[in-house]
file work_31.pdb (PDB, C-alpha atoms, pLDDT in the B column)
ATOM      1  CA  GLU A   1     180.869  74.816  28.304  1.00 52.00           C
ATOM      2  CA  GLN A   2     177.111  75.360  28.658  1.00 48.00           C
ATOM      3  CA  GLN A   3     177.236  74.472  32.373  1.00 51.00           C
ATOM      4  CA  GLN A   4     180.106  76.927  32.877  1.00 51.00           C
ATOM      5  CA  ALA A   5     178.050  79.641  31.133  1.00 49.00           C
ATOM      6  CA  THR A   6     175.013  79.086  33.343  1.00 52.00           C
ATOM      7  CA  LYS A   7     177.163  79.285  36.499  1.00 50.00           C
ATOM      8  CA  ASP A   8     178.674  82.577  35.303  1.00 52.00           C
ATOM      9  CA  GLU A   9     175.163  83.955  34.682  1.00 51.00           C
ATOM     10  CA  GLU A  10     173.954  82.928  38.168  1.00 50.00           C
ATOM     11  CA  GLN A  11     177.033  84.486  39.729  1.00 50.00           C
ATOM     12  CA  SER A  12     176.512  87.695  37.797  1.00 50.00           C
ATOM     13  CA  ILE A  13     172.835  87.826  38.841  1.00 48.00           C
ATOM     14  CA  SER A  14     173.586  87.299  42.551  1.00 48.00           C
ATOM     15  CA  THR A  15     176.320  89.936  42.543  1.00 48.00           C
ATOM     16  CA  THR A  16     174.225  92.618  40.835  1.00 49.00           C
ATOM     17  CA  PRO A  17     173.179  95.254  43.345  1.00 52.00           C
ATOM     18  CA  ARG A  18     169.444  95.785  44.075  1.00 53.00           C
ATOM     19  CA  GLN A  19     167.818  98.982  43.050  1.00 56.00           C
ATOM     20  CA  GLY A  20     168.519 101.678  45.638  1.00 56.00           C
ATOM     21  CA  LYS A  21     170.157  99.287  48.132  1.00 58.00           C
ATOM     22  CA  PRO A  22     173.778  98.063  48.454  1.00 59.00           C
ATOM     23  CA  PRO A  23     174.453  94.393  47.776  1.00 58.00           C
ATOM     24  CA  ARG A  24     174.169  92.059  50.710  1.00 58.00           C
ATOM     25  CA  THR A  25     177.273  90.600  52.252  1.00 56.00           C
ATOM     26  CA  THR A  26     177.687  87.316  54.022  1.00 53.00           C
ATOM     27  CA  SER A  27     178.690  89.109  57.260  1.00 54.00           C
ATOM     28  CA  GLU A  28     175.276  90.809  57.641  1.00 56.00           C
ATOM     29  CA  THR A  29     172.998  89.466  60.391  1.00 59.00           C
ATOM     30  CA  PHE A  30     169.287  90.087  60.830  1.00 56.00           C
ATOM     31  CA  THR A  31     167.879  90.769  64.258  1.00 62.00           C
ATOM     32  CA  MET A  32     164.154  90.933  65.122  1.00 60.00           C
ATOM     33  CA  THR A  33     162.897  92.797  68.164  1.00 63.00           C
ATOM     34  CA  ALA A  34     159.441  92.024  69.537  1.00 62.00           C
ATOM     35  CA  THR A  35     157.545  94.872  71.188  1.00 68.00           C
ATOM     36  CA  LYS A  36     155.558  93.930  74.300  1.00 69.00           C
ATOM     37  CA  SER A  37     151.889  94.858  74.330  1.00 70.00           C
ATOM     38  CA  VAL A  38     150.539  96.940  77.165  1.00 68.00           C
ATOM     39  CA  ARG A  39     148.892  94.717  79.771  1.00 71.00           C
ATOM     40  CA  TYR A  40     146.960  97.535  81.460  1.00 70.00           C
ATOM     41  CA  TYR A  41     143.294  97.740  80.660  1.00 68.00           C
ATOM     42  CA  PRO A  42     140.881 100.272  82.214  1.00 66.00           C
ATOM     43  CA  ALA A  43     138.205  98.853  84.471  1.00 68.00           C
ATOM     44  CA  GLU A  44     135.483 100.623  82.527  1.00 70.00           C
ATOM     45  CA  ASP A  45     135.274 101.911  79.015  1.00 71.00           C
ATOM     46  CA  ASN A  46     135.925 105.637  79.037  1.00 71.00           C
ATOM     47  CA  LYS A  47     133.436 106.927  76.531  1.00 75.00           C
ATOM     48  CA  PRO A  48     133.867 110.462  75.266  1.00 74.00           C
ATOM     49  CA  ALA A  49     131.253 112.961  76.351  1.00 77.00           C
ATOM     50  CA  LYS A  50     128.601 113.533  73.738  1.00 79.00           C
ATOM     51  CA  ALA A  51     127.428 116.988  72.827  1.00 79.00           C
ATOM     52  CA  THR A  52     123.938 117.511  74.268  1.00 78.00           C
ATOM     53  CA  HIS A  53     121.296 119.358  72.334  1.00 77.00           C
ATOM     54  CA  GLN A  54     118.963 121.403  74.472  1.00 79.00           C
ATOM     55  CA  VAL A  55     115.380 121.230  73.320  1.00 78.00           C
ATOM     56  CA  LYS A  56     113.308 124.324  73.906  1.00 77.00           C
ATOM     57  CA  GLN A  57     110.155 123.409  75.789  1.00 75.00           C
ATOM     58  CA  ASN A  58     107.016 124.982  74.461  1.00 78.00           C
ATOM     59  CA  PRO A  59     104.474 126.292  76.967  1.00 75.00           C
ATOM     60  CA  PRO A  60     101.721 123.780  77.736  1.00 82.00           C
ATOM     61  CA  ARG A  61      98.501 124.159  75.839  1.00 89.00           C
ATOM     62  CA  VAL A  62      95.225 124.874  77.571  1.00 90.00           C
ATOM     63  CA  ARG A  63      91.955 123.528  76.218  1.00 91.00           C
ATOM     64  CA  LYS A  64      89.978 125.965  74.101  1.00 92.00           C
ATOM     65  CA  SER A  65      86.966 125.519  76.363  1.00 92.00           C
ATOM     66  CA  ILE A  66      88.922 126.885  79.347  1.00 94.00           C
ATOM     67  CA  THR A  67      89.310 130.659  79.357  1.00 94.00           C
ATOM     68  CA  PRO A  68      89.535 133.248  82.150  1.00 94.00           C
ATOM     69  CA  GLY A  69      86.083 133.437  83.695  1.00 93.00           C
ATOM     70  CA  THR A  70      84.980 129.879  82.853  1.00 94.00           C
ATOM     71  CA  VAL A  71      83.211 128.017  85.661  1.00 95.00           C
ATOM     72  CA  LEU A  72      84.938 124.672  86.227  1.00 95.00           C
ATOM     73  CA  ILE A  73      83.914 121.536  88.111  1.00 95.00           C
ATOM     74  CA  LEU A  74      86.721 119.943  90.114  1.00 95.00           C
ATOM     75  CA  LEU A  75      86.951 116.161  89.721  1.00 93.00           C
ATOM     76  CA  ALA A  76      89.793 115.328  92.106  1.00 92.00           C
ATOM     77  CA  GLY A  77      91.486 116.561  95.216  1.00 90.00           C
ATOM     78  CA  ARG A  78      90.240 117.949  98.460  1.00 91.00           C
ATOM     79  CA  PHE A  79      87.532 120.079  96.820  1.00 94.00           C
ATOM     80  CA  ARG A  80      86.228 117.558  94.270  1.00 93.00           C
ATOM     81  CA  GLY A  81      82.668 118.263  93.233  1.00 93.00           C
ATOM     82  CA  LYS A  82      83.038 122.001  93.840  1.00 94.00           C
ATOM     83  CA  ARG A  83      82.450 124.633  91.196  1.00 95.00           C
ATOM     84  CA  VAL A  84      85.165 127.254  90.843  1.00 95.00           C
ATOM     85  CA  VAL A  85      85.981 130.196  88.599  1.00 95.00           C
ATOM     86  CA  CYS A  86      89.067 130.023  86.389  1.00 95.00           C
ATOM     87  CA  LEU A  87      91.114 133.198  86.749  1.00 94.00           C
ATOM     88  CA  LYS A  88      94.018 132.490  84.382  1.00 94.00           C
ATOM     89  CA  ALA A  89      96.479 129.869  83.152  1.00 93.00           C
ATOM     90  CA  LEU A  90      99.932 129.897  84.761  1.00 92.00           C
ATOM     91  CA  GLU A  91     103.254 129.317  83.003  1.00 90.00           C
ATOM     92  CA  SER A  92     103.415 125.756  84.307  1.00 89.00           C
ATOM     93  CA  GLY A  93     100.145 124.889  82.550  1.00 90.00           C
ATOM     94  CA  LEU A  94      98.161 124.753  85.790  1.00 93.00           C
ATOM     95  CA  LEU A  95      94.997 126.787  86.203  1.00 95.00           C
ATOM     96  CA  LEU A  96      94.551 129.441  88.865  1.00 94.00           C
ATOM     97  CA  VAL A  97      91.051 129.120  90.313  1.00 94.00           C
ATOM     98  CA  SER A  98      89.004 130.438  93.201  1.00 94.00           C
ATOM     99  CA  GLY A  99      85.569 129.551  94.607  1.00 88.00           C
ATOM    100  CA  PRO A 100      85.167 132.357  95.627  1.00 92.00           C
ATOM    101  CA  TYR A 101      86.105 131.369  99.146  1.00 93.00           C
ATOM    102  CA  LYS A 102      83.106 133.120 100.733  1.00 92.00           C
ATOM    103  CA  ILE A 103      80.672 131.123  98.585  1.00 93.00           C
ATOM    104  CA  ASN A 104      81.944 127.532  98.580  1.00 92.00           C
ATOM    105  CA  GLY A 105      85.129 127.587 100.652  1.00 92.00           C
ATOM    106  CA  VAL A 106      87.596 127.058  97.773  1.00 93.00           C
ATOM    107  CA  PRO A 107      90.585 129.413  98.171  1.00 93.00           C
ATOM    108  CA  LEU A 108      93.090 130.525  95.571  1.00 93.00           C
ATOM    109  CA  ARG A 109      94.759 127.372  94.325  1.00 94.00           C
ATOM    110  CA  ARG A 110      96.248 125.678  91.293  1.00 94.00           C
ATOM    111  CA  VAL A 111      94.530 122.767  89.553  1.00 95.00           C
ATOM    112  CA  ASN A 112      95.412 120.524  86.639  1.00 94.00           C
ATOM    113  CA  GLN A 113      93.219 120.966  83.586  1.00 93.00           C
ATOM    114  CA  ALA A 114      93.005 117.185  83.211  1.00 93.00           C
ATOM    115  CA  TYR A 115      90.896 116.976  86.385  1.00 94.00           C
ATOM    116  CA  VAL A 116      88.266 119.621  85.635  1.00 94.00           C
ATOM    117  CA  ILE A 117      85.107 119.852  83.558  1.00 93.00           C
ATOM    118  CA  ALA A 118      84.654 123.127  81.687  1.00 94.00           C
ATOM    119  CA  THR A 119      81.093 124.405  81.718  1.00 93.00           C
ATOM    120  CA  SER A 120      79.407 126.897  79.430  1.00 93.00           C
ATOM    121  CA  THR A 121      78.871 129.352  82.312  1.00 93.00           C
ATOM    122  CA  LYS A 122      81.093 132.426  82.198  1.00 93.00           C
ATOM    123  CA  VAL A 123      81.926 135.095  84.777  1.00 93.00           C
ATOM    124  CA  ASP A 124      83.356 138.493  83.886  1.00 92.00           C
ATOM    125  CA  VAL A 125      86.781 138.522  85.591  1.00 91.00           C
ATOM    126  CA  SER A 126      88.142 141.589  83.831  1.00 91.00           C
ATOM    127  CA  GLY A 127      88.042 143.477  87.136  1.00 89.00           C
ATOM    128  CA  VAL A 128      89.997 140.777  89.037  1.00 90.00           C
ATOM    129  CA  ASP A 129      93.705 141.579  89.281  1.00 91.00           C
ATOM    130  CA  VAL A 130      95.802 138.396  89.636  1.00 91.00           C
ATOM    131  CA  SER A 131      98.907 139.594  87.773  1.00 90.00           C
ATOM    132  CA  SER A 132     101.049 139.239  90.909  1.00 90.00           C
ATOM    133  CA  ILE A 133     100.077 135.584  91.469  1.00 90.00           C
ATOM    134  CA  THR A 134     102.457 133.166  89.736  1.00 90.00           C
ATOM    135  CA  ASP A 135     103.732 129.635  90.296  1.00 89.00           C
ATOM    136  CA  GLU A 136     106.307 130.937  92.780  1.00 90.00           C
ATOM    137  CA  TYR A 137     103.443 132.338  94.852  1.00 89.00           C
ATOM    138  CA  PHE A 138     102.481 128.773  95.861  1.00 88.00           C
ATOM    139  CA  SER A 139     106.023 127.465  96.446  1.00 85.00           C
ATOM    140  CA  ARG A 140     106.980 126.531  99.978  1.00 76.00           C
ATOM    141  CA  SER A 141     109.583 128.558 101.768  1.00 69.00           C
ATOM    142  CA  LYS A 142     112.958 126.875 102.263  1.00 66.00           C
ATOM    143  CA  ASP A 143     113.252 128.213 105.803  1.00 59.00           C
ATOM    144  CA  ALA A 144     110.219 126.251 107.006  1.00 55.00           C
ATOM    145  CA  PRO A 145     111.123 123.717 109.743  1.00 56.00           C
ATOM    146  CA  LYS A 146     111.131 120.079 108.703  1.00 59.00           C
ATOM    147  CA  GLU A 147     109.193 118.498 111.539  1.00 59.00           C
ATOM    148  CA  ALA A 148     106.867 116.297 109.505  1.00 56.00           C
ATOM    149  CA  GLU A 149     108.934 113.145 110.011  1.00 60.00           C
ATOM    150  CA  GLU A 150     109.241 113.680 113.765  1.00 65.00           C
ATOM    151  CA  GLU A 151     105.496 114.249 114.081  1.00 61.00           C
ATOM    152  CA  PHE A 152     104.800 111.087 112.082  1.00 59.00           C
ATOM    153  CA  PHE A 153     106.822 108.853 114.400  1.00 66.00           C
ATOM    154  CA  SER A 154     105.658 110.581 117.563  1.00 65.00           C
ATOM    155  CA  GLY A 155     102.006 109.864 116.736  1.00 63.00           C
ATOM    156  CA  ASP A 156     100.811 113.377 117.539  1.00 61.00           C
ATOM    157  CA  ALA A 157      97.996 114.978 115.597  1.00 62.00           C
ATOM    158  CA  PRO A 158      99.223 116.960 112.572  1.00 61.00           C
ATOM    159  CA  LYS A 159      99.395 120.685 113.047  1.00 66.00           C
ATOM    160  CA  PRO A 160      96.947 122.796 111.036  1.00 70.00           C
ATOM    161  CA  ALA A 161      98.334 124.681 108.075  1.00 68.00           C
ATOM    162  CA  VAL A 162      99.300 128.248 108.818  1.00 74.00           C
ATOM    163  CA  VAL A 163      98.024 130.742 106.255  1.00 75.00           C
ATOM    164  CA  SER A 164     100.149 133.849 105.919  1.00 81.00           C
ATOM    165  CA  ASP A 165      98.696 137.333 106.213  1.00 83.00           C
ATOM    166  CA  GLN A 166      99.704 138.049 102.629  1.00 86.00           C
ATOM    167  CA  ARG A 167      97.697 135.062 101.402  1.00 88.00           C
ATOM    168  CA  LYS A 168      94.652 136.188 103.402  1.00 89.00           C
ATOM    169  CA  ALA A 169      94.873 139.732 102.029  1.00 91.00           C
ATOM    170  CA  ASP A 170      95.144 138.458  98.452  1.00 91.00           C
ATOM    171  CA  GLN A 171      92.166 136.149  98.980  1.00 91.00           C
ATOM    172  CA  GLU A 172      89.986 138.971 100.273  1.00 92.00           C
ATOM    173  CA  LYS A 173      91.019 141.184  97.365  1.00 93.00           C
ATOM    174  CA  VAL A 174      90.167 138.539  94.762  1.00 92.00           C
ATOM    175  CA  ASP A 175      86.911 137.572  96.490  1.00 92.00           C
ATOM    176  CA  ALA A 176      85.718 141.180  96.579  1.00 93.00           C
ATOM    177  CA  ALA A 177      86.095 141.529  92.822  1.00 93.00           C
ATOM    178  CA  LEU A 178      84.658 138.073  92.118  1.00 93.00           C
ATOM    179  CA  LEU A 179      81.609 138.560  94.342  1.00 93.00           C
ATOM    180  CA  ALA A 180      80.819 141.823  92.563  1.00 93.00           C
ATOM    181  CA  ALA A 181      80.948 140.022  89.203  1.00 93.00           C
ATOM    182  CA  VAL A 182      78.870 137.073  90.446  1.00 93.00           C
ATOM    183  CA  ALA A 183      76.177 139.380  91.841  1.00 92.00           C
ATOM    184  CA  LYS A 184      75.464 140.700  88.343  1.00 92.00           C
ATOM    185  CA  THR A 185      74.038 137.320  87.243  1.00 90.00           C
ATOM    186  CA  ASP A 186      70.869 135.903  88.792  1.00 91.00           C
ATOM    187  CA  MET A 187      71.172 132.572  90.643  1.00 92.00           C
ATOM    188  CA  LEU A 188      74.885 132.339  89.876  1.00 92.00           C
ATOM    189  CA  GLU A 189      75.850 132.435  93.537  1.00 92.00           C
ATOM    190  CA  GLY A 190      73.615 129.445  94.286  1.00 93.00           C
ATOM    191  CA  TYR A 191      75.030 127.614  91.253  1.00 93.00           C
ATOM    192  CA  LEU A 192      78.593 128.052  92.536  1.00 94.00           C
ATOM    193  CA  ALA A 193      77.617 126.978  96.035  1.00 93.00           C
ATOM    194  CA  ALA A 194      75.880 123.766  94.847  1.00 93.00           C
ATOM    195  CA  GLN A 195      77.812 120.482  94.951  1.00 92.00           C
ATOM    196  CA  PHE A 196      78.163 118.577  91.689  1.00 91.00           C
ATOM    197  CA  THR A 197      76.989 114.964  92.071  1.00 88.00           C
ATOM    198  CA  LEU A 198      75.962 112.068  89.864  1.00 86.00           C
ATOM    199  CA  THR A 199      73.410 109.350  90.538  1.00 87.00           C
ATOM    200  CA  SER A 200      73.165 105.850  89.143  1.00 87.00           C
ATOM    201  CA  GLY A 201      70.863 106.912  86.297  1.00 87.00           C
ATOM    202  CA  ASP A 202      72.944 109.869  85.100  1.00 87.00           C
ATOM    203  CA  LYS A 203      74.920 109.637  81.855  1.00 87.00           C
ATOM    204  CA  PRO A 204      77.807 112.125  81.924  1.00 82.00           C
ATOM    205  CA  HIS A 205      78.729 111.585  78.273  1.00 84.00           C
ATOM    206  CA  LEU A 206      75.282 112.849  77.257  1.00 87.00           C
ATOM    207  CA  MET A 207      75.274 115.870  79.552  1.00 86.00           C
ATOM    208  CA  LYS A 208      75.910 119.397  78.352  1.00 85.00           C
ATOM    209  CA  PHE A 209      77.747 121.401  80.951  1.00 82.00           C
TER     210      PHE A 209
END

call {"tool": "encode", "arguments": {"input": "work_31.pdb", "output": "structure tokens"}}
result
Amino acid sequence: EQQQATKDEEQSISTTPRQGKPPRTTSETFTMTATKSVRYYPAEDNKPAKATHQVKQNPPRVRKSITPGTVLILLAGRFRGKRVVCLKALESGLLLVSGPYKINGVPLRRVNQAYVIATSTKVDVSGVDVSSITDEYFSRSKDAPKEAEEEFFSGDAPKPAVVSDQRKADQEKVDAALLAAVAKTDMLEGYLAAQFTLTSGDKPHLMKF
């Protein structure tokens, strides 16, 4: 009798429906479908574009010892050893200088402040108008012919640089104002014309310019 009771209980448990689902029948079959993975892989990883943050560039700083009118000594370049007058600092951080040209042959040009020595000599350049001279003033024209490579392989002597009439007129205008300011100080013209040199016994770090 106990065995018959346990069988009835098992049968009642198996026939009780599950919560929320109908009871299973013997005719039900289970099928399993396998999904195929994609076999295509990109050759390179396509990374999303990152948002770029534009940093505002501050204008370059000029040394406190370099102001308009300061006499500078050039340390590098074609005119190294020459003394020039600083006219102003350009937006690029380069310095606009001039000899003047009639004194030592240095024309209007740009120089890097890292390659100059600032002296204590000052020239009054308040009467020199260089407001129209900017960095674009020294840029090369795009229409200029590109014959440098052909001249290099041909072996001919390089052609001399052609100075425009506008550049000559600006140089004369600046020199006229600079020469008038230089003439107000005794022996300043000779100081600008003298070449800066060092001998074996000189100690630049002990010199006061």

call {"tool": "atom_distance", "arguments": {"input": "work_31.pdb", "atom1": "CA of Leu74 (chain A)", "atom2": "CA of Leu96 (chain A)"}}
result
12.4 Å

call {"tool": "resolve_selection", "arguments": {"input": "work_31.pdb", "expression": "the PyMOL selection byres ((chain A and resi 62-64) around 10)", "output": "VMD selection string"}}
result
chain A and resid 59 to 61 65 to 67 89 to 90 93 to 95 113 to 114 118

call {"tool": "write_last_selection", "arguments": {"input": "work_31.pdb", "atoms": "C-alpha atoms", "output": "PDB file, in the frame of the given file"}}
result
ATOM      1  CA  PRO A  59     104.474 126.292  76.967  1.00 75.00           C
ATOM      2  CA  PRO A  60     101.721 123.780  77.736  1.00 82.00           C
ATOM      3  CA  ARG A  61      98.501 124.159  75.839  1.00 89.00           C
ATOM      4  CA  SER A  65      86.966 125.519  76.363  1.00 92.00           C
ATOM      5  CA  ILE A  66      88.922 126.885  79.347  1.00 94.00           C
ATOM      6  CA  THR A  67      89.310 130.659  79.357  1.00 94.00           C
ATOM      7  CA  ALA A  89      96.479 129.869  83.152  1.00 93.00           C
ATOM      8  CA  LEU A  90      99.932 129.897  84.761  1.00 92.00           C
ATOM      9  CA  GLY A  93     100.145 124.889  82.550  1.00 90.00           C
ATOM     10  CA  LEU A  94      98.161 124.753  85.790  1.00 93.00           C
ATOM     11  CA  LEU A  95      94.997 126.787  86.203  1.00 95.00           C
ATOM     12  CA  GLN A 113      93.219 120.966  83.586  1.00 93.00           C
ATOM     13  CA  ALA A 114      93.005 117.185  83.211  1.00 93.00           C
ATOM     14  CA  ALA A 118      84.654 123.127  81.687  1.00 94.00           C
TER      15      ALA A 118
END

call {"tool": "closest_residue", "arguments": {"input": "work_31.pdb", "among": "A:Gly77, A:Lys184, A:Gln57, A:Phe196", "to": "Asp124 (chain A)", "atoms": "all atoms listed in the file"}}
result
A:Lys184

call {"tool": "atom_distance", "arguments": {"input": "work_31.pdb", "atom1": "CA of Gly69 (chain A)", "atom2": "CA of Glu189 (chain A)"}}
result
14.2 Å

call {"tool": "closest_residue", "arguments": {"input": "work_31.pdb", "among": "A:Leu179, A:Ile73, A:Val162, A:Met207", "to": "Gln195 (chain A)", "atoms": "all atoms listed in the file"}}
result
A:Ile73

call {"tool": "atom_distance", "arguments": {"input": "work_31.pdb", "atom1": "CA of Val128 (chain A)", "atom2": "CA of Pro68 (chain A)"}}
result
10.2 Å

call {"tool": "closest_residue", "arguments": {"input": "work_31.pdb", "among": "A:Leu108, A:Ala194, A:Ile103, A:Met187", "to": "Val174 (chain A)", "atoms": "all atoms listed in the file"}}
result
A:Leu108
